[in-house]
Structures are given as structure tokens and as C-alpha cells.
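What follows is a single structure, written as C-alpha cells, with notes after it.
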Amino acid sequence: MTGCPSENTESSDNAASQSAAPAATESAASTETHASVKGDPANGPTVFKTKGCTACHMVASIPEAKGAIGPKLDGVATIAATRVSGEDAETYLRHSIEKPEAFLVPGYQNLMMQGLRAQMSDQEYEDLIAWLLSLKA
Ligand code: HEC
């Protein structure tokens, strides 16, 4: 795809820069193939709330997140790195949303619905992942 604007300027202040931004190749390339959008962790909580994650998960920084069907997500970025051998935190977090049945947190059932990823735009998903990655213990 040639017409795909992927100006991954490190600290993009405004998305108004449609001119060809130099640099920013694929250095930010993540583990999988989603990398034309750069996540903004500041928007993660909004995605988390609007996509219904709060119904099942608690996060201390989000008062509305009171669900107890799934594990508490404070510190999830730290624990994510230890969940599945061979998966770093980011890979694990992506898998936990894209295919929640692939690994079940001990003590929890396979209740997280499939298809959550499809309910988000690429930008929303990257924002969510960037934010989850900031939840370190
Ligand atoms: C219907 C309830 C439900 C909803 C809604 C839900 N989850 Fe979950 N989630 C769970 C359950 C139950 C688990 C534990 C079982 C498993 O690993 O799939 C889990 C596990 C997780 C994990 C792994 C946590 C760990 O400690 O390893 C992450 C990350 C996660 N969910 C993120 C999300 C995000 C982000 C959303 C919103 C897009 C979401 N969940 C929506 C129920 C839910």
C-alpha cells in the first residue's frame, strides 16, 4: 500500500502534519503486524471504558472499572511478561484480547468474549495496548 500515511513522529503534537514526515521507519515495529498506527496511552482509559472492559476488570486509576469477572489489571504489564513462555508483555497483551481463550489466567474462566479486537479501530486498539503496557507493578 502506497497511500498509507504512517507518520510515526515520536511526539506528534497534532495530527495535522500531512506532509511527508521523514524518519520514523519501522523502529517502533511491534511484535506483530499492526504497526502503522502509533498508540497513545493517554487515550487508553477512554477505549477501556467505551469498549466495555470495565464491566469485567478493575483498574485502580479508573473508578468505573469495578468488574470482578476478570483479573484486576493493575500491574498487568509486569505480569504479562511472565504469563506465557516465549511471549513478551506486548505480545501477551495482544493475544489476551485477540484470542483470550489461548491462555487463561489461573482461577478464571474463559469468559472474555472473542471479537473485542474487531470492535475497535486500529488507533483505538493501539491506544489501548500502549496504555495497558504502562500499567506496571
Ligand atoms: C465478559 C467479561 C470480560 C470483558 C468484557 C473483558 N474481559 Fe478481559 N478477561 C476476562 C476474564 C474472565 C479474563 C481471565 C481469563 C482469560 O485469561 O481469558 C480476562 C483476561 C484479560 C487479560 C489478561 C490479564 C492477565 O492478568 O493476564 C487482559 C489484558 C484483559 N482481559 C483485557 C481486557 C480488555 C482490554 C478488555 C476490553 C477490550 C476486556 N479484557 C474485556 C473477562 C473479560
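The chains in the C-alpha cells are called A, B, ... from first to last as shown; in each chain the residues are counted from 1, and the ligands are counted from 1 in the order shown.
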Shell around Ala55 of chain A at 8 Å using only C-alpha atoms, local window under 3 positions removed, as a short mmCIF file (atom, residue, chain, number, x, y, z; two decimals) with C-alpha atoms, in the first residue's frame:
data_model
loop_
_atom_site.label_atom_id
_atom_site.label_comp_id
_atom_site.auth_asym_id
_atom_site.auth_seq_id
_atom_site.Cartn_x
_atom_site.Cartn_y
_atom_site.Cartn_z
CA GLY A 52 -16.89 -2.37 27.98
CA ALA A 65 -13.67 -0.17 36.36
CA LYS A 66 -15.22 -2.33 39.01
CA GLY A 67 -15.72 -5.66 37.32
CA ALA A 68 -14.52 -8.77 39.06
CA ILE A 69 -15.22 -11.38 36.40
#
Set the distance at 9 Å and use only C-alpha atoms: which residues neighbour segment 119-136 of chain A once local chain neighbours fewer than 6 positions away are removed? I'd like the list as a JSON list (two decimals) with C-alpha atoms, in the first residue's frame.
[["chain", "number", "residue", "atom", "x", "y", "z"],
["A", 34, "HIS", "CA", -0.11, -3.74, 13.45],
["A", 35, "ALA", "CA", 2.48, -1.06, 13.42],
["A", 36, "SER", "CA", 1.34, 1.65, 11.06],
["A", 37, "VAL", "CA", -0.55, 3.30, 13.92],
["A", 38, "LYS", "CA", 1.20, 4.59, 16.98],
["A", 39, "GLY", "CA", -0.65, 4.12, 20.21],
["A", 40, "ASP", "CA", -1.39, 6.99, 22.54],
["A", 41, "PRO", "CA", -1.55, 5.65, 26.09],
["A", 42, "ALA", "CA", -3.41, 8.77, 27.23],
["A", 43, "ASN", "CA", -6.43, 7.62, 25.24],
["A", 44, "GLY", "CA", -6.30, 4.06, 26.60],
["A", 45, "PRO", "CA", -8.66, 4.60, 29.51],
["A", 46, "THR", "CA", -11.30, 6.02, 27.15],
["A", 47, "VAL", "CA", -11.08, 2.96, 24.95],
["A", 48, "PHE", "CA", -11.14, 0.73, 28.01],
["A", 51, "LYS", "CA", -15.42, -0.93, 24.84],
["A", 73, "LEU", "CA", -5.35, -5.15, 35.63],
["A", 74, "ASP", "CA", -3.15, -3.00, 37.84],
["A", 75, "GLY", "CA", 0.38, -4.13, 37.13],
["A", 76, "VAL", "CA", -0.73, -6.19, 34.16],
["A", 77, "ALA", "CA", 2.21, -5.04, 32.03],
["A", 78, "THR", "CA", 4.60, -6.56, 34.52],
["A", 79, "ILE", "CA", 2.74, -9.79, 34.97],
["A", 80, "ALA", "CA", 2.09, -10.06, 31.24],
["A", 89, "ALA", "CA", 4.38, -8.36, 27.63],
["A", 90, "GLU", "CA", 3.14, -6.73, 24.46],
["A", 93, "LEU", "CA", -1.47, -8.45, 25.96],
["A", 94, "ARG", "CA", -2.36, -8.50, 22.28]]
Note to self: So, with only C-alpha atoms and all ligand atoms as the atoms that count, which of A:Ala60, A:Val105, A:Tyr92, A:Glu98 lies closest to ligand 1?
What the structure shows: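 For ligand 1, the nearest of the candidates is A:Val105.
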Next item on the list: Calculate how many Å separate atom CA of Ser96 of chain A from atom CA of Val84 of chain A, rounding to one decimal.
Entry: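 It comes out at 10.6 Å.
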Notebook entry, point to check: So how many Å separate atom 13 (C, counted along the ligand's line) of ligand 1 and atom CA of Asp88 of chain A, to one decimal?
Noted result: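 Answer for the atom 13 (C, counted along the ligand's line) of ligand 1 to atom CA of Asp88 of chain A separation: 18.2 Å.
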Notebook entry, point to check: In segment 27-83 of chain A, what's strand (DSSP E) per DSSP? Answer as a ChimeraX atom specification?
Noted result: /A:58-59,62-66
Atoms kept (N, CA and C atoms) for selection, written as a compact mmCIF listing (two decimals), in the first residue's frame:
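Written file, again.txt:
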# COMPACT_ATOMS: atom_id res chain seq x y z
N MET A 58 -11.06 -4.60 37.00
CA MET A 58 -10.77 -3.47 37.88
C MET A 58 -9.42 -2.86 37.52
N VAL A 59 -9.36 -1.54 37.59
CA VAL A 59 -8.10 -0.82 37.47
C VAL A 59 -8.20 0.36 38.44
N ILE A 62 -9.10 3.90 37.28
CA ILE A 62 -10.38 4.14 36.62
C ILE A 62 -11.52 3.74 37.56
N PRO A 63 -12.13 4.71 38.20
CA PRO A 63 -13.15 4.40 39.20
C PRO A 63 -14.29 3.53 38.65
N GLU A 64 -14.63 3.74 37.38
CA GLU A 64 -15.73 2.96 36.80
C GLU A 64 -15.37 1.50 36.60
N ALA A 65 -14.09 1.21 36.62
CA ALA A 65 -13.67 -0.17 36.36
C ALA A 65 -13.79 -0.97 37.65
N LYS A 66 -14.92 -1.64 37.76
CA LYS A 66 -15.22 -2.33 39.01
C LYS A 66 -15.47 -3.81 38.81
Checklist line | A:Gly115, A:Gly86, A:Gly107, A:Pro100 ranked by distance to ligand 1, top pick (using only C-alpha atoms and all ligand atoms) | finding: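 Among the listed residues, the smallest separation from ligand 1 belongs to A:Pro100.
Going from atom 7 (N, counted along the ligand's line) of ligand 1 over to atom CA of Gln114 of chain A, you cover 9.5 Å.
The residues of segment 57-121 of chain A that DSSP assigns to helix (DSSP H, G or I) on this backbone come out as Val76, Ala77, Thr78, Ile79, Ala80, Ala81, Thr82, Arg83, Ala89, Glu90, Thr91, Tyr92, Leu93, Arg94, His95, Ser96, Ile97, Glu98, Pro100, Glu101, Ala102, Arg117, Ala118 and Gln119 of chain A.
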Written file, previous selection with N, CA and C atoms, as a PDB file, in the first residue's frame:
ATOM      1  N   VAL A  76      -0.616  -5.125  35.161  1.00  0.00           N
ATOM      2  CA  VAL A  76      -0.726  -6.192  34.159  1.00  0.00           C
ATOM      3  C   VAL A  76       0.470  -6.207  33.195  1.00  0.00           C
ATOM      4  N   ALA A  77       1.073  -5.055  32.965  1.00  0.00           N
ATOM      5  CA  ALA A  77       2.210  -5.039  32.032  1.00  0.00           C
ATOM      6  C   ALA A  77       3.380  -5.840  32.598  1.00  0.00           C
ATOM      7  N   THR A  78       3.517  -5.808  33.891  1.00  0.00           N
ATOM      8  CA  THR A  78       4.602  -6.556  34.523  1.00  0.00           C
ATOM      9  C   THR A  78       4.297  -8.048  34.509  1.00  0.00           C
ATOM     10  N   ILE A  79       3.078  -8.368  34.897  1.00  0.00           N
ATOM     11  CA  ILE A  79       2.735  -9.787  34.973  1.00  0.00           C
ATOM     12  C   ILE A  79       2.624 -10.390  33.568  1.00  0.00           C
ATOM     13  N   ALA A  80       2.255  -9.561  32.606  1.00  0.00           N
ATOM     14  CA  ALA A  80       2.087 -10.057  31.237  1.00  0.00           C
ATOM     15  C   ALA A  80       3.368 -10.674  30.694  1.00  0.00           C
ATOM     16  N   ALA A  81       4.485 -10.139  31.139  1.00  0.00           N
ATOM     17  CA  ALA A  81       5.767 -10.642  30.642  1.00  0.00           C
ATOM     18  C   ALA A  81       6.075 -12.037  31.182  1.00  0.00           C
ATOM     19  N   THR A  82       5.338 -12.455  32.180  1.00  0.00           N
ATOM     20  CA  THR A  82       5.626 -13.747  32.815  1.00  0.00           C
ATOM     21  C   THR A  82       4.577 -14.807  32.500  1.00  0.00           C
ATOM     22  N   ARG A  83       3.516 -14.433  31.834  1.00  0.00           N
ATOM     23  CA  ARG A  83       2.389 -15.355  31.655  1.00  0.00           C
ATOM     24  C   ARG A  83       2.691 -16.555  30.759  1.00  0.00           C
ATOM     25  N   ALA A  89       5.597  -8.966  27.094  1.00  0.00           N
ATOM     26  CA  ALA A  89       4.377  -8.363  27.626  1.00  0.00           C
ATOM     27  C   ALA A  89       3.433  -7.911  26.521  1.00  0.00           C
ATOM     28  N   GLU A  90       3.996  -7.267  25.513  1.00  0.00           N
ATOM     29  CA  GLU A  90       3.136  -6.734  24.461  1.00  0.00           C
ATOM     30  C   GLU A  90       2.444  -7.851  23.683  1.00  0.00           C
ATOM     31  N   THR A  91       3.205  -8.874  23.353  1.00  0.00           N
ATOM     32  CA  THR A  91       2.619  -9.993  22.613  1.00  0.00           C
ATOM     33  C   THR A  91       1.511 -10.646  23.433  1.00  0.00           C
ATOM     34  N   TYR A  92       1.791 -10.852  24.698  1.00  0.00           N
ATOM     35  CA  TYR A  92       0.795 -11.481  25.553  1.00  0.00           C
ATOM     36  C   TYR A  92      -0.472 -10.629  25.645  1.00  0.00           C
ATOM     37  N   LEU A  93      -0.298  -9.329  25.828  1.00  0.00           N
ATOM     38  CA  LEU A  93      -1.469  -8.455  25.956  1.00  0.00           C
ATOM     39  C   LEU A  93      -2.298  -8.461  24.677  1.00  0.00           C
ATOM     40  N   ARG A  94      -1.620  -8.447  23.547  1.00  0.00           N
ATOM     41  CA  ARG A  94      -2.363  -8.504  22.281  1.00  0.00           C
ATOM     42  C   ARG A  94      -3.127  -9.815  22.183  1.00  0.00           C
ATOM     43  N   HIS A  95      -2.459 -10.901  22.525  1.00  0.00           N
ATOM     44  CA  HIS A  95      -3.134 -12.198  22.455  1.00  0.00           C
ATOM     45  C   HIS A  95      -4.299 -12.264  23.434  1.00  0.00           C
ATOM     46  N   SER A  96      -4.130 -11.645  24.584  1.00  0.00           N
ATOM     47  CA  SER A  96      -5.194 -11.770  25.585  1.00  0.00           C
ATOM     48  C   SER A  96      -6.472 -11.082  25.130  1.00  0.00           C
ATOM     49  N   ILE A  97      -6.336 -10.170  24.176  1.00  0.00           N
ATOM     50  CA  ILE A  97      -7.519  -9.515  23.631  1.00  0.00           C
ATOM     51  C   ILE A  97      -7.945 -10.163  22.310  1.00  0.00           C
ATOM     52  N   GLU A  98      -6.957 -10.511  21.483  1.00  0.00           N
ATOM     53  CA  GLU A  98      -7.283 -11.063  20.166  1.00  0.00           C
ATOM     54  C   GLU A  98      -7.773 -12.504  20.242  1.00  0.00           C
ATOM     55  N   PRO A 100      -8.532 -14.513  23.558  1.00  0.00           N
ATOM     56  CA  PRO A 100      -8.495 -14.665  25.014  1.00  0.00           C
ATOM     57  C   PRO A 100      -8.478 -16.119  25.470  1.00  0.00           C
ATOM     58  N   GLU A 101      -8.951 -17.001  24.623  1.00  0.00           N
ATOM     59  CA  GLU A 101      -9.006 -18.407  25.034  1.00  0.00           C
ATOM     60  C   GLU A 101      -7.640 -19.088  24.976  1.00  0.00           C
ATOM     61  N   ALA A 102      -6.671 -18.432  24.341  1.00  0.00           N
ATOM     62  CA  ALA A 102      -5.369 -19.073  24.150  1.00  0.00           C
ATOM     63  C   ALA A 102      -4.640 -19.295  25.469  1.00  0.00           C
ATOM     64  N   ARG A 117     -11.395  -7.235  19.600  1.00  0.00           N
ATOM     65  CA  ARG A 117     -10.480  -6.501  18.728  1.00  0.00           C
ATOM     66  C   ARG A 117     -11.224  -5.888  17.552  1.00  0.00           C
ATOM     67  N   ALA A 118     -12.158  -6.636  17.001  1.00  0.00           N
ATOM     68  CA  ALA A 118     -12.872  -6.177  15.814  1.00  0.00           C
ATOM     69  C   ALA A 118     -13.801  -5.010  16.119  1.00  0.00           C
ATOM     70  N   GLN A 119     -14.058  -4.784  17.392  1.00  0.00           N
ATOM     71  CA  GLN A 119     -14.926  -3.662  17.753  1.00  0.00           C
ATOM     72  C   GLN A 119     -14.154  -2.358  17.908  1.00  0.00           C
TER      73      GLN A 119
END
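Nearest residue to ligand 1, choosing from A:Glu87, A:Ser61, A:Ala137, A:Asn110 and counting only C-alpha atoms and all ligand atoms: A:Asn110.
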